[in-house]
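File shown: upload02.txt. Contents: compact mmCIF, C-alpha atoms.
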# COMPACT_ATOMS: atom_id res chain seq x y z
CA ILE N 1 -8.70 18.27 -12.63
CA VAL N 2 -11.99 19.38 -11.21
CA PHE N 3 -15.53 18.83 -12.40
CA GLY N 4 -18.19 20.96 -10.75
CA ASP N 5 -18.42 24.18 -8.78
CA TRP N 6 -15.01 25.17 -7.42
CA SER N 7 -14.78 28.47 -5.60
CA SER N 8 -12.55 30.13 -3.04
CA ASP N 9 -15.23 29.39 -0.42
CA VAL N 10 -14.38 25.69 -0.70
CA CYS N 11 -10.73 26.40 0.12
CA SER N 12 -11.56 27.50 3.64
CA SER N 13 -10.05 24.92 6.03
CA ASP N 14 -13.03 25.40 8.35
CA LEU N 15 -15.43 24.53 5.56
CA LEU N 16 -13.32 21.64 4.26
CA SER N 17 -13.31 19.99 7.69
CA LYS N 18 -17.12 19.86 7.62
CA LEU N 19 -17.52 18.39 4.13
CA ASP N 20 -18.21 14.74 3.41
CA LEU N 21 -15.28 13.63 1.22
CA HIS N 22 -15.00 10.24 -0.49
CA ILE N 23 -12.00 9.07 -2.51
CA PHE N 24 -12.41 6.28 -5.05
CA GLY N 25 -9.50 4.30 -6.38
CA ALA N 26 -10.68 3.75 -9.95
CA SER N 27 -8.31 0.87 -10.55
CA HIS N 28 -10.34 -1.38 -12.81
CA SER N 29 -13.66 -0.10 -11.42
CA HIS N 30 -16.56 0.10 -13.82
CA MET N 31 -18.11 3.56 -14.07
CA ASP N 32 -21.55 2.11 -13.27
CA LYS N 33 -20.18 0.96 -9.90
CA ILE N 34 -18.59 4.34 -9.21
CA VAL N 35 -21.82 6.13 -10.19
CA SER N 36 -24.02 3.91 -8.01
CA THR N 37 -21.67 4.32 -5.03
CA ILE N 38 -21.69 8.10 -5.38
CA GLN N 39 -25.48 8.14 -5.81
CA ARG N 40 -25.84 6.07 -2.63
CA LEU N 41 -23.35 8.05 -0.51
CA LYS N 42 -24.16 11.53 -1.89
CA PRO N 43 -20.86 13.05 -0.71
CA ASP N 44 -20.17 16.79 -0.82
CA ILE N 45 -16.89 16.11 -2.60
CA PHE N 46 -15.53 13.02 -4.27
CA ALA N 47 -12.21 12.20 -5.86
CA VAL N 48 -11.33 9.56 -8.43
CA ASP N 49 -7.77 8.30 -8.73
CA TYR N 50 -7.34 8.15 -11.68
CA LEU N 51 -9.69 8.70 -14.63
CA GLN N 52 -7.94 6.47 -17.19
CA LEU N 53 -8.24 3.42 -14.89
CA ALA N 54 -12.03 3.59 -14.73
CA ILE N 55 -13.84 1.21 -17.09
CA ALA N 56 -16.79 2.04 -19.32
CA ASP N 57 -18.66 0.18 -22.05
CA ALA N 58 -17.02 1.41 -25.25
CA THR N 59 -15.35 -0.08 -28.28
CA THR N 60 -12.23 2.12 -28.32
CA ARG N 61 -9.97 3.48 -25.61
CA ILE N 62 -10.68 7.08 -26.58
CA ASP N 63 -14.44 6.45 -26.44
CA GLU N 64 -14.04 4.77 -23.04
CA VAL N 65 -12.10 7.68 -21.53
CA SER N 66 -14.55 10.16 -23.08
CA GLN N 67 -17.49 8.28 -21.60
CA VAL N 68 -15.88 8.21 -18.13
CA SER N 69 -15.14 11.94 -18.36
CA ARG N 70 -18.70 12.79 -19.38
CA LYS N 71 -20.20 10.63 -16.61
CA LEU N 72 -18.00 12.23 -13.95
CA ARG N 73 -18.99 15.69 -15.15
CA ALA N 74 -22.67 14.75 -15.08
CA LEU N 75 -22.27 13.38 -11.54
CA ALA N 76 -20.56 16.53 -10.35
CA LEU N 77 -23.26 18.72 -11.86
CA THR N 78 -26.24 16.72 -10.57
CA LEU N 79 -25.24 15.13 -7.28
CA VAL N 80 -22.31 16.86 -5.64
CA ASN N 81 -20.51 20.16 -5.74
CA ILE N 82 -17.01 19.00 -6.63
CA CYS N 83 -15.27 16.02 -8.17
CA PHE N 84 -11.47 15.93 -8.13
CA VAL N 85 -9.91 13.56 -10.65
CA THR N 86 -6.30 12.70 -11.31
CA VAL N 87 -5.37 12.00 -14.93
CA GLN N 88 -2.39 10.50 -16.63
CA LEU N 89 -0.41 12.80 -18.89
CA SER N 90 0.99 11.81 -22.26
CA ARG N 91 4.72 11.28 -22.67
CA SER N 92 4.98 14.37 -24.88
CA VAL N 93 5.81 16.31 -21.69
CA GLU N 94 9.16 14.50 -21.51
CA GLY N 95 10.20 15.52 -25.02
CA ARG N 96 9.65 19.26 -24.70
CA ALA N 97 12.17 21.88 -23.63
CA SER N 98 9.90 22.75 -20.70
CA GLN N 99 8.29 19.82 -18.94
CA ARG N 100 5.56 21.96 -17.42
CA PRO N 101 2.24 20.29 -18.23
CA LEU N 102 -0.21 21.76 -20.72
CA LEU N 103 -3.96 21.24 -20.88
CA SER N 104 -3.52 19.23 -24.07
CA ASP N 105 -1.26 16.73 -22.24
CA ALA N 106 -4.21 14.85 -20.70
CA ARG N 107 -3.83 11.35 -22.11
CA ASP N 108 -6.30 9.46 -24.30
CA SER N 109 -9.00 12.03 -24.91
CA GLY N 110 -9.68 15.64 -25.82
CA GLN N 111 -13.04 15.12 -24.11
CA ILE N 112 -11.33 15.59 -20.74
CA GLU N 113 -10.26 19.11 -21.78
CA GLN N 114 -13.83 19.92 -22.78
CA ASP N 115 -15.55 18.53 -19.68
CA VAL N 116 -13.46 19.87 -16.82
CA THR N 117 -14.21 23.14 -15.10
CA HIS N 118 -10.66 23.47 -13.72
CA PHE N 119 -7.44 21.78 -14.76
CA PHE N 120 -4.39 21.99 -12.52
CA GLY N 121 -0.88 21.04 -13.60
CA LEU N 122 1.90 20.24 -11.13
CA TYR N 123 5.59 20.73 -11.89
CA ARG N 124 8.74 20.10 -9.84
CA HIS N 125 11.95 21.36 -11.42
CA ASP N 126 14.08 19.13 -9.16
CA TYR N 127 12.27 16.03 -10.49
CA TYR N 128 13.74 16.60 -13.95
CA TYR N 129 16.97 18.19 -12.73
CA PRO N 130 17.97 16.44 -9.46
CA GLU N 131 21.12 18.57 -9.11
CA SER N 132 18.99 21.72 -9.00
CA PRO N 133 18.82 23.57 -5.67
CA ASP N 134 15.18 24.47 -6.41
CA ASN N 135 12.80 22.78 -4.04
CA ILE N 136 9.62 24.35 -5.35
CA LEU N 137 6.29 22.89 -6.41
CA GLU N 138 4.53 24.88 -9.14
CA ILE N 139 0.76 24.58 -9.28
CA SER N 140 -0.64 25.98 -12.50
CA ILE N 141 -4.30 26.58 -13.18
CA LEU N 142 -4.34 25.63 -16.86
CA LYS N 143 -8.10 25.99 -17.25
CA ALA N 144 -10.62 27.81 -15.10
CA ARG N 145 -14.10 28.04 -16.49
CA GLU N 146 -15.36 31.45 -15.40
CA GLY N 147 -12.08 32.18 -13.61
CA ASN N 148 -8.45 33.16 -13.94
CA THR N 149 -5.49 31.02 -14.86
CA GLY N 150 -2.00 31.39 -13.44
CA THR N 151 0.77 29.71 -11.49
CA ALA N 152 1.65 29.64 -7.80
CA GLN N 153 4.93 28.43 -6.37
CA ILE N 154 4.99 26.59 -3.09
CA GLY N 155 8.14 25.76 -1.15
CA ARG N 156 8.47 22.09 -0.26
CA ALA N 157 10.08 20.30 2.65
CA SER N 158 13.80 19.71 2.41
CA CYS N 159 13.43 15.96 1.85
CA ARG N 160 14.53 15.27 -1.72
CA GLU N 161 13.87 11.54 -1.89
CA ARG N 162 11.85 10.33 -4.84
CA VAL N 163 8.88 8.20 -4.07

Could you quickly redo this structure as structure tokens?
Amino acid sequence: IVFGDWSSDVCSSDLLSKLDLHIFGASHSHMDKIVSTIQRLKPDIFAVDYLQLAIADATTRIDEVSQVSRKLRALALTLVNICFVTVQLSRSVEGRASQRPLLSDARDSGQIEQDVTHFFGLYRHDYYYPESPDNILEISILKAREGNTGTAQIGRASCRERV
């Protein structure tokens, strides 16, 4: 998912090579620490892996995830241009006929859906059906504030090992 201003200009490899990118492993990191680090570094782009592992001061899990989501959005809007965040999906994906992720699959909070500017879902058919000859990664834009949604298919390398 993306908080902040995402445009096709950012996709330029020339531009990306010049940006200051910082990636934060949120594993048991308090949001105050993440915020202070980002305020100190002032990166052009930052990424948090993953939202549900960040800690905030809240009484319930849903409130905690909502608070983290709101703080990341505020950071993206005030300090940097873009914040990429990975999120855990609910298990409901596994029980559907199509395992392609939906926007509502973000786990623990509807606040995530509300806060993000872009939400991307990844799907690999061969993950669910190992006997399948398909070796394609589908990248779906499930939400694009002020933009278009859709799906692109990207061929993957022939290695079929699961990591």

Checklist entry - Mind pulling up the distance from atom CA of Tyr50 of chain N to atom CA of Ile23 of chain N? => result 10.3 Å

Contact check, segment 14-87 of chain N to segment 108-120 of chain N, at most 12 Å, counting all atoms listed in the file, closest pairs as JSON lines:
{"residue": "N:Leu51", "atom": "CA", "partner": "N:Ile112", "partner_atom": "CA", "distance": 9.4}
{"residue": "N:Gln52", "atom": "CA", "partner": "N:Asp108", "partner_atom": "CA", "distance": 7.9}
{"residue": "N:Leu53", "atom": "CA", "partner": "N:Asp108", "partner_atom": "CA", "distance": 11.3}
{"residue": "N:Thr60", "atom": "CA", "partner": "N:Asp108", "partner_atom": "CA", "distance": 10.3}
{"residue": "N:Arg61", "atom": "CA", "partner": "N:Asp108", "partner_atom": "CA", "distance": 7.1}
{"residue": "N:Ile62", "atom": "CA", "partner": "N:Asp108", "partner_atom": "CA", "distance": 5.5}
{"residue": "N:Asp63", "atom": "CA", "partner": "N:Ser109", "partner_atom": "CA", "distance": 7.9}
{"residue": "N:Glu64", "atom": "CA", "partner": "N:Ser109", "partner_atom": "CA", "distance": 9.0}
{"residue": "N:Val65", "atom": "CA", "partner": "N:Ser109", "partner_atom": "CA", "distance": 6.3}
{"residue": "N:Ser66", "atom": "CA", "partner": "N:Gln111", "partner_atom": "CA", "distance": 5.3}
{"residue": "N:Gln67", "atom": "CA", "partner": "N:Gln111", "partner_atom": "CA", "distance": 8.5}
{"residue": "N:Val68", "atom": "CA", "partner": "N:Ile112", "partner_atom": "CA", "distance": 9.1}
{"residue": "N:Ser69", "atom": "CA", "partner": "N:Ile112", "partner_atom": "CA", "distance": 5.8}
{"residue": "N:Arg70", "atom": "CA", "partner": "N:Asp115", "partner_atom": "CA", "distance": 6.6}
{"residue": "N:Lys71", "atom": "CA", "partner": "N:Asp115", "partner_atom": "CA", "distance": 9.7}
{"residue": "N:Leu72", "atom": "CA", "partner": "N:Asp115", "partner_atom": "CA", "distance": 8.9}
{"residue": "N:Arg73", "atom": "CA", "partner": "N:Asp115", "partner_atom": "CA", "distance": 6.4}
{"residue": "N:Ala74", "atom": "CA", "partner": "N:Asp115", "partner_atom": "CA", "distance": 9.3}
{"residue": "N:Leu75", "atom": "CA", "partner": "N:Asp115", "partner_atom": "CA", "distance": 11.7}
{"residue": "N:Ala76", "atom": "CA", "partner": "N:Val116", "partner_atom": "CA", "distance": 10.2}
{"residue": "N:Leu77", "atom": "CA", "partner": "N:Thr117", "partner_atom": "CA", "distance": 10.6}
{"residue": "N:Asn81", "atom": "CA", "partner": "N:Thr117", "partner_atom": "CA", "distance": 11.7}
{"residue": "N:Ile82", "atom": "CA", "partner": "N:Thr117", "partner_atom": "CA", "distance": 9.8}
{"residue": "N:Cys83", "atom": "CA", "partner": "N:Val116", "partner_atom": "CA", "distance": 9.6}
{"residue": "N:Phe84", "atom": "CA", "partner": "N:His118", "partner_atom": "CA", "distance": 9.4}
{"residue": "N:Val85", "atom": "CA", "partner": "N:Val116", "partner_atom": "CA", "distance": 9.5}
{"residue": "N:Thr86", "atom": "CA", "partner": "N:Phe120", "partner_atom": "CA", "distance": 9.6}
{"residue": "N:Val87", "atom": "CA", "partner": "N:Ile112", "partner_atom": "CA", "distance": 9.1}

Checklist outcome for this item: One decimal place gives the atom CA of Asn135 of chain N-atom CA of Arg100 of chain N separation as 15.2 Å

Next on the checklist: When you count all atoms listed in the file, which of these residues is closest to Leu102 of chain N: N:Ser140, N:Thr78, N:Ser36, N:Ser132?
Outcome noted: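 Closest to Leu102 of chain N of all the choices is N:Ser140.
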
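Here the question is which of N:Thr59, N:Leu79, N:His30, N:Ser92 gets nearest to Ile45 of chain N using all atoms listed in the file, and that residue is N:Leu79.
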
Need the shell around Gly155 of chain N: protein/DNA/RNA residues with any atom at most 7 Å away, counting all atoms listed in the file. Skip same-chain ones fewer than 2 positions apart. Format as a compact mmCIF listing (two decimals) with C-alpha atoms, in the frame of the given file?
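Output contents, as saved in part-v5.txt:
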# COMPACT_ATOMS: atom_id res chain seq x y z
CA ASN N 135 12.80 22.78 -4.04
CA ILE N 136 9.62 24.35 -5.35
CA LEU N 137 6.29 22.89 -6.41
CA GLN N 153 4.93 28.43 -6.37
CA ALA N 157 10.08 20.30 2.65

Checklist outcome for this item: What separates atom CA of Ala97 of chain N and atom CA of Glu138 of chain N is a distance of 16.7 Å

Next on the checklist: Please determine, counting only C-alpha atoms, which residue among N:Arg124, N:Lys42, N:Lys33, N:Lys143 has the shortest atom-to-atom distance to Ser104 of chain N.
Outcome noted: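 Closest residue, counting only C-alpha atoms: N:Lys143.
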
Next on the checklist: Please determine, counting only C-alpha atoms, which residue among N:Tyr128, N:Val93, N:Pro101, N:Arg107 has the shortest atom-to-atom distance to Ile141 of chain N.
Outcome noted: N:Pro101

Next on the checklist: So that I can see what lies close to Ile34 of chain N, please list as number ranges by chain the residues with an atom at most 10 Å from it, counting all atoms listed in the file and leaving out residues fewer than 2 positions away in the same chain.
Outcome noted: N: 24-26, 29-32, 36-40, 48, 54-55, 71-72

Checklist entry - So which one's closest to Ala56 of chain N, N:Leu103, N:Ala144, N:Leu41, N:Val35? Using all atoms listed in the file, please. => result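 Of N:Leu103, N:Ala144, N:Leu41, N:Val35, the one nearest Ala56 of chain N is N:Val35, counting all atoms listed in the file.
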